[in-house]
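Contents: one structure, followed by commentary.
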Amino acid sequence: ATPNEPVAGPMMDARAKAAALSTERWRVAAARIGGRGEAELTDELKRNVVLQTLSLVNNQIDPWCAVAIAQVLWDDVVLTTLKLSINIGEEGATALGVALKVNTVLTTLDLGGNYIRAEGAAAIAEALRGNGVLTDLNLWANGIGDEGAKAIGEALAVNGVLKHINLLRNNITVEGAAPLVELFRERRHMKSLCGLKPDQAQADLSSQCLDDADAMLIGADLEFNEVLTELDLCYNDIEDTGAEALASALRVNGVLKFLHIGANGIGDEGAAAIAEALRGNAVLTDLNLSGNGIGDEG
């Protein structure tokens, strides 16, 4: 056996044996997602007394399975991390929202790329109003729009526990992002609107179809972030408004050294805002603005 493998034998206690058995059952069930695999998976969840983290990212989970998993969360007292990216839709998100109202152990929920839209976001938002344990929520690329963003924002205004949320790529407009940015500035227990981790020093957000509203959320993060030193935003759809939001962050950020925002749609106004911010910034050493629409005035 390798150093990282449990060694079977008389010295292996009952809890370690249970953990090994549970892990193997989950591996088999997860490998058979779809059809019978869904039934086996949810059945194992009901009996779970060991597993703390479950990742089902990019499988073929249908709404029925998502609802079944949500029902299990009502009573589960062990599972703390659940990753369901690129799986469920509005119906599954609605069921999870109901479960989150009563679940007391889940701290991390990843729903990225599920297209839960405004209806699913509203269900999650309703749960956040009363949930007292969830600290990390990924809603990246879910098409929630301004309506969903408004619901999430209103929930965050009363939730005092959630620290990290990822709202990037959600078809939110500049007008829809503005209230979230103001809320983030006020609710200082919150650490990120775009999923940055507490110890994350580098972030590659290039080629993500990010727009001005996304840049506003990122800029809000940068205003308070004391760890991130490298940020790549190349090949996105950020224009002057987004550049101005990033410039505002550069005025107060004291750690970012590398900022790459080439191949976007930044024009003279955005370039001027960044240039003005650089007058008071003594940390940034590498700035890439190539491939934008900056003219002589910029």
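Residue numbers start at 1 in each chain; chains themselves are named A, B, ... in the order of the structure tokens; ligands are numbered from 1 in the order shown.
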Taking the DSSP secondary structure from the backbone, can you list the residues of range 120-252 of chain A that are strand (DSSP E or B), as a ChimeraX atom specification?
/A:136-138,164-166,192,194,202-204,230-232
Using the chain letters and numbers from this document, which residues of range 83-227 of chain A does DSSP assign to alpha helix (DSSP H), as an MDAnalysis selection string?
chainID A and resid 90:100 117:128 145:156 174:186 212:224
Go ahead and compute the interatomic distance for CA of Ala263 in chain A and CA of Leu222 in chain A, in Å to one decimal.
20.8 Å
Skip Trp140 in chain A itself and residues of its chain fewer than 2 positions away, then list as a list of chain:residue names all residues within 7 Å of it, counting only C-alpha atoms.
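Contacts, with the query itself left out: A:Gly112, A:Gly113, A:Asn138, A:Asn142, A:Asn166, A:Leu167, A:Leu168, A:Arg169, A:Asn170.
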Residues just named, written with N, CA and C atoms as a CSV table (one decimal), in the first residue's frame:
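Below is the file again02.csv, written as the result:
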chain,number,residue,atom,x,y,z
A,112,GLY,N,-22.4,26.1,-10.3
A,112,GLY,CA,-22.0,26.8,-11.5
A,112,GLY,C,-22.4,26.2,-12.8
A,113,GLY,N,-22.8,27.0,-13.8
A,113,GLY,CA,-23.1,26.5,-15.1
A,113,GLY,C,-24.4,25.6,-15.2
A,138,ASN,N,-21.3,29.1,-5.3
A,138,ASN,CA,-20.9,29.4,-6.7
A,138,ASN,C,-22.2,29.4,-7.6
A,142,ASN,N,-25.2,31.2,-14.7
A,142,ASN,CA,-26.5,30.6,-14.5
A,142,ASN,C,-27.6,31.4,-15.2
A,166,ASN,N,-19.9,33.6,-6.2
A,166,ASN,CA,-19.5,33.8,-7.6
A,166,ASN,C,-20.7,34.1,-8.4
A,167,LEU,N,-20.8,35.4,-8.9
A,167,LEU,CA,-21.9,35.8,-9.7
A,167,LEU,C,-21.5,36.2,-11.1
A,168,LEU,N,-20.3,35.8,-11.5
A,168,LEU,CA,-19.9,36.2,-12.9
A,168,LEU,C,-20.6,35.4,-13.9
A,169,ARG,N,-20.7,36.0,-15.1
A,169,ARG,CA,-21.3,35.5,-16.3
A,169,ARG,C,-22.8,35.1,-16.1
A,170,ASN,N,-23.5,36.0,-15.6
A,170,ASN,CA,-24.9,35.8,-15.3
A,170,ASN,C,-25.9,36.7,-16.1
Select, from A:Gly298, A:Gly132, A:Gly219, A:Pro179, the residue with the minimum atom-to-atom distance to Leu259 in chain A, counting only C-alpha atoms.
A:Gly219
Residues within 8 Å of Met190 in chain A, please, as a ChimeraX atom specification. Count only C-alpha atoms; anything in the same chain fewer than 3 positions from it doesn't count.
/A:162-164,184,187
How about saving the chosen residues, C-alpha atoms kept, as a tab-separated table (two decimals), in the first residue's frame?
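What landed in again_20.tsv:
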chain	number	residue	atom	x	y	z
A	162	LEU	CA	-22.06	33.85	3.41
A	163	LYS	CA	-18.54	35.07	2.63
A	164	HIS	CA	-17.81	34.00	-0.94
A	184	PHE	CA	-20.53	44.30	-0.90
A	187	ARG	CA	-21.26	44.01	4.24
Env of Asn131 in chain A: 8 Å cut, atoms = only C-alpha atoms, seq-sep filter 3 positions within chain, self excluded. Answer as an MDAnalysis selection string.
chainID A and resid 100:104 127:128 134 159
If you count only C-alpha atoms, which residues fall within 8 Å of Cys209 in chain A, apart from same-chain ones fewer than 6 positions away, as a VMD selection string?
chain A and resid 169 235 to 237
Residues near range 248-252 of chain A, cut-off 10 Å, only C-alpha atoms, skip fewer than 2 positions along chain, as number ranges by chain:
A: 216, 218-225, 242-246, 254-256, 259, 273-274, 276-284
Okay, now the selection with N, CA and C atoms, as a PDB file, in the first residue's frame?
ATOM      1  N   MET A 216     -17.241  45.116 -12.897  1.00  0.00           N
ATOM      2  CA  MET A 216     -17.645  45.857 -11.704  1.00  0.00           C
ATOM      3  C   MET A 216     -17.577  44.970 -10.458  1.00  0.00           C
ATOM      4  N   ILE A 218     -15.679  42.272 -10.141  1.00  0.00           N
ATOM      5  CA  ILE A 218     -14.252  42.005  -9.911  1.00  0.00           C
ATOM      6  C   ILE A 218     -13.588  43.206  -9.269  1.00  0.00           C
ATOM      7  N   GLY A 219     -13.931  44.396  -9.742  1.00  0.00           N
ATOM      8  CA  GLY A 219     -13.366  45.614  -9.168  1.00  0.00           C
ATOM      9  C   GLY A 219     -13.709  45.764  -7.701  1.00  0.00           C
ATOM     10  N   ALA A 220     -14.931  45.414  -7.345  1.00  0.00           N
ATOM     11  CA  ALA A 220     -15.333  45.487  -5.937  1.00  0.00           C
ATOM     12  C   ALA A 220     -14.477  44.559  -5.085  1.00  0.00           C
ATOM     13  N   ASP A 221     -14.213  43.365  -5.608  1.00  0.00           N
ATOM     14  CA  ASP A 221     -13.334  42.428  -4.899  1.00  0.00           C
ATOM     15  C   ASP A 221     -11.954  43.037  -4.688  1.00  0.00           C
ATOM     16  N   LEU A 222     -11.414  43.641  -5.751  1.00  0.00           N
ATOM     17  CA  LEU A 222     -10.056  44.182  -5.696  1.00  0.00           C
ATOM     18  C   LEU A 222      -9.925  45.337  -4.707  1.00  0.00           C
ATOM     19  N   GLU A 223     -11.001  46.028  -4.455  1.00  0.00           N
ATOM     20  CA  GLU A 223     -10.944  47.149  -3.523  1.00  0.00           C
ATOM     21  C   GLU A 223     -10.543  46.697  -2.120  1.00  0.00           C
ATOM     22  N   PHE A 224     -10.886  45.460  -1.776  1.00  0.00           N
ATOM     23  CA  PHE A 224     -10.629  44.972  -0.421  1.00  0.00           C
ATOM     24  C   PHE A 224      -9.680  43.786  -0.369  1.00  0.00           C
ATOM     25  N   ASN A 225      -9.380  43.205  -1.518  1.00  0.00           N
ATOM     26  CA  ASN A 225      -8.523  42.024  -1.554  1.00  0.00           C
ATOM     27  C   ASN A 225      -7.081  42.368  -1.183  1.00  0.00           C
ATOM     28  N   GLY A 242     -16.426  49.007 -17.549  1.00  0.00           N
ATOM     29  CA  GLY A 242     -15.705  48.007 -16.778  1.00  0.00           C
ATOM     30  C   GLY A 242     -14.299  48.449 -16.439  1.00  0.00           C
ATOM     31  N   ALA A 243     -13.648  49.102 -17.395  1.00  0.00           N
ATOM     32  CA  ALA A 243     -12.292  49.610 -17.153  1.00  0.00           C
ATOM     33  C   ALA A 243     -12.293  50.654 -16.047  1.00  0.00           C
ATOM     34  N   GLU A 244     -13.321  51.480 -16.016  1.00  0.00           N
ATOM     35  CA  GLU A 244     -13.427  52.504 -14.974  1.00  0.00           C
ATOM     36  C   GLU A 244     -13.609  51.864 -13.602  1.00  0.00           C
ATOM     37  N   ALA A 245     -14.348  50.764 -13.544  1.00  0.00           N
ATOM     38  CA  ALA A 245     -14.517  50.046 -12.277  1.00  0.00           C
ATOM     39  C   ALA A 245     -13.186  49.456 -11.806  1.00  0.00           C
ATOM     40  N   LEU A 246     -12.424  48.906 -12.737  1.00  0.00           N
ATOM     41  CA  LEU A 246     -11.111  48.358 -12.383  1.00  0.00           C
ATOM     42  C   LEU A 246     -10.162  49.474 -11.957  1.00  0.00           C
ATOM     43  N   GLY A 254      -3.556  47.542  -2.823  1.00  0.00           N
ATOM     44  CA  GLY A 254      -2.140  47.674  -2.513  1.00  0.00           C
ATOM     45  C   GLY A 254      -1.320  46.425  -2.744  1.00  0.00           C
ATOM     46  N   VAL A 255      -1.859  45.435  -3.474  1.00  0.00           N
ATOM     47  CA  VAL A 255      -1.116  44.186  -3.651  1.00  0.00           C
ATOM     48  C   VAL A 255      -1.015  43.715  -5.101  1.00  0.00           C
ATOM     49  N   LEU A 256      -1.948  44.098  -5.965  1.00  0.00           N
ATOM     50  CA  LEU A 256      -1.964  43.594  -7.335  1.00  0.00           C
ATOM     51  C   LEU A 256      -0.747  44.099  -8.121  1.00  0.00           C
ATOM     52  N   LEU A 259      -1.718  42.995 -14.058  1.00  0.00           N
ATOM     53  CA  LEU A 259      -3.090  43.113 -14.546  1.00  0.00           C
ATOM     54  C   LEU A 259      -3.077  43.053 -16.066  1.00  0.00           C
ATOM     55  N   ALA A 273      -9.140  56.541 -17.447  1.00  0.00           N
ATOM     56  CA  ALA A 273      -9.450  56.230 -16.050  1.00  0.00           C
ATOM     57  C   ALA A 273      -8.344  55.397 -15.421  1.00  0.00           C
ATOM     58  N   ILE A 274      -7.842  54.428 -16.183  1.00  0.00           N
ATOM     59  CA  ILE A 274      -6.758  53.588 -15.674  1.00  0.00           C
ATOM     60  C   ILE A 274      -5.485  54.406 -15.498  1.00  0.00           C
ATOM     61  N   GLU A 276      -5.218  57.561 -14.834  1.00  0.00           N
ATOM     62  CA  GLU A 276      -5.375  58.416 -13.653  1.00  0.00           C
ATOM     63  C   GLU A 276      -5.166  57.610 -12.384  1.00  0.00           C
ATOM     64  N   ALA A 277      -5.671  56.371 -12.361  1.00  0.00           N
ATOM     65  CA  ALA A 277      -5.511  55.528 -11.179  1.00  0.00           C
ATOM     66  C   ALA A 277      -4.049  55.176 -10.935  1.00  0.00           C
ATOM     67  N   LEU A 278      -3.284  55.036 -12.018  1.00  0.00           N
ATOM     68  CA  LEU A 278      -1.879  54.657 -11.888  1.00  0.00           C
ATOM     69  C   LEU A 278      -1.035  55.745 -11.234  1.00  0.00           C
ATOM     70  N   ARG A 279      -1.534  56.963 -11.276  1.00  0.00           N
ATOM     71  CA  ARG A 279      -0.789  58.070 -10.654  1.00  0.00           C
ATOM     72  C   ARG A 279      -0.593  57.838  -9.159  1.00  0.00           C
ATOM     73  N   GLY A 280      -1.554  57.185  -8.539  1.00  0.00           N
ATOM     74  CA  GLY A 280      -1.454  56.956  -7.094  1.00  0.00           C
ATOM     75  C   GLY A 280      -1.164  55.519  -6.719  1.00  0.00           C
ATOM     76  N   ASN A 281      -0.967  54.668  -7.721  1.00  0.00           N
ATOM     77  CA  ASN A 281      -0.696  53.263  -7.449  1.00  0.00           C
ATOM     78  C   ASN A 281       0.804  52.995  -7.519  1.00  0.00           C
ATOM     79  N   ALA A 282       1.352  52.479  -6.426  1.00  0.00           N
ATOM     80  CA  ALA A 282       2.797  52.255  -6.368  1.00  0.00           C
ATOM     81  C   ALA A 282       3.152  50.775  -6.373  1.00  0.00           C
ATOM     82  N   VAL A 283       2.185  49.918  -6.727  1.00  0.00           N
ATOM     83  CA  VAL A 283       2.401  48.473  -6.643  1.00  0.00           C
ATOM     84  C   VAL A 283       2.385  47.791  -8.002  1.00  0.00           C
ATOM     85  N   LEU A 284       1.463  48.178  -8.876  1.00  0.00           N
ATOM     86  CA  LEU A 284       1.304  47.527 -10.173  1.00  0.00           C
ATOM     87  C   LEU A 284       2.556  47.707 -11.033  1.00  0.00           C
TER      88      LEU A 284
END
Top pick for closest residue to Pro63 in chain A, considering A:Gly145, A:Asp75, A:Thr81, A:Thr94 and counting only C-alpha atoms:
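Selected residue with least distance to Pro63 in chain A: A:Thr94.
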Using only C-alpha atoms, can you tell me which of A:Val133, A:Ala123, A:Leu228, A:Val174 comes closest to Pro198 in chain A?
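Residue with the minimum atom-to-atom distance to Pro198 in chain A: A:Leu228.
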Between CA of Leu82 in chain A and CA of Arg185 in chain A - distance in Å to one decimal
28.2 Å
In Å, with one decimal, what is the gap from CA of Asp232 in chain A to CA of Leu196 in chain A?
13.1 Å
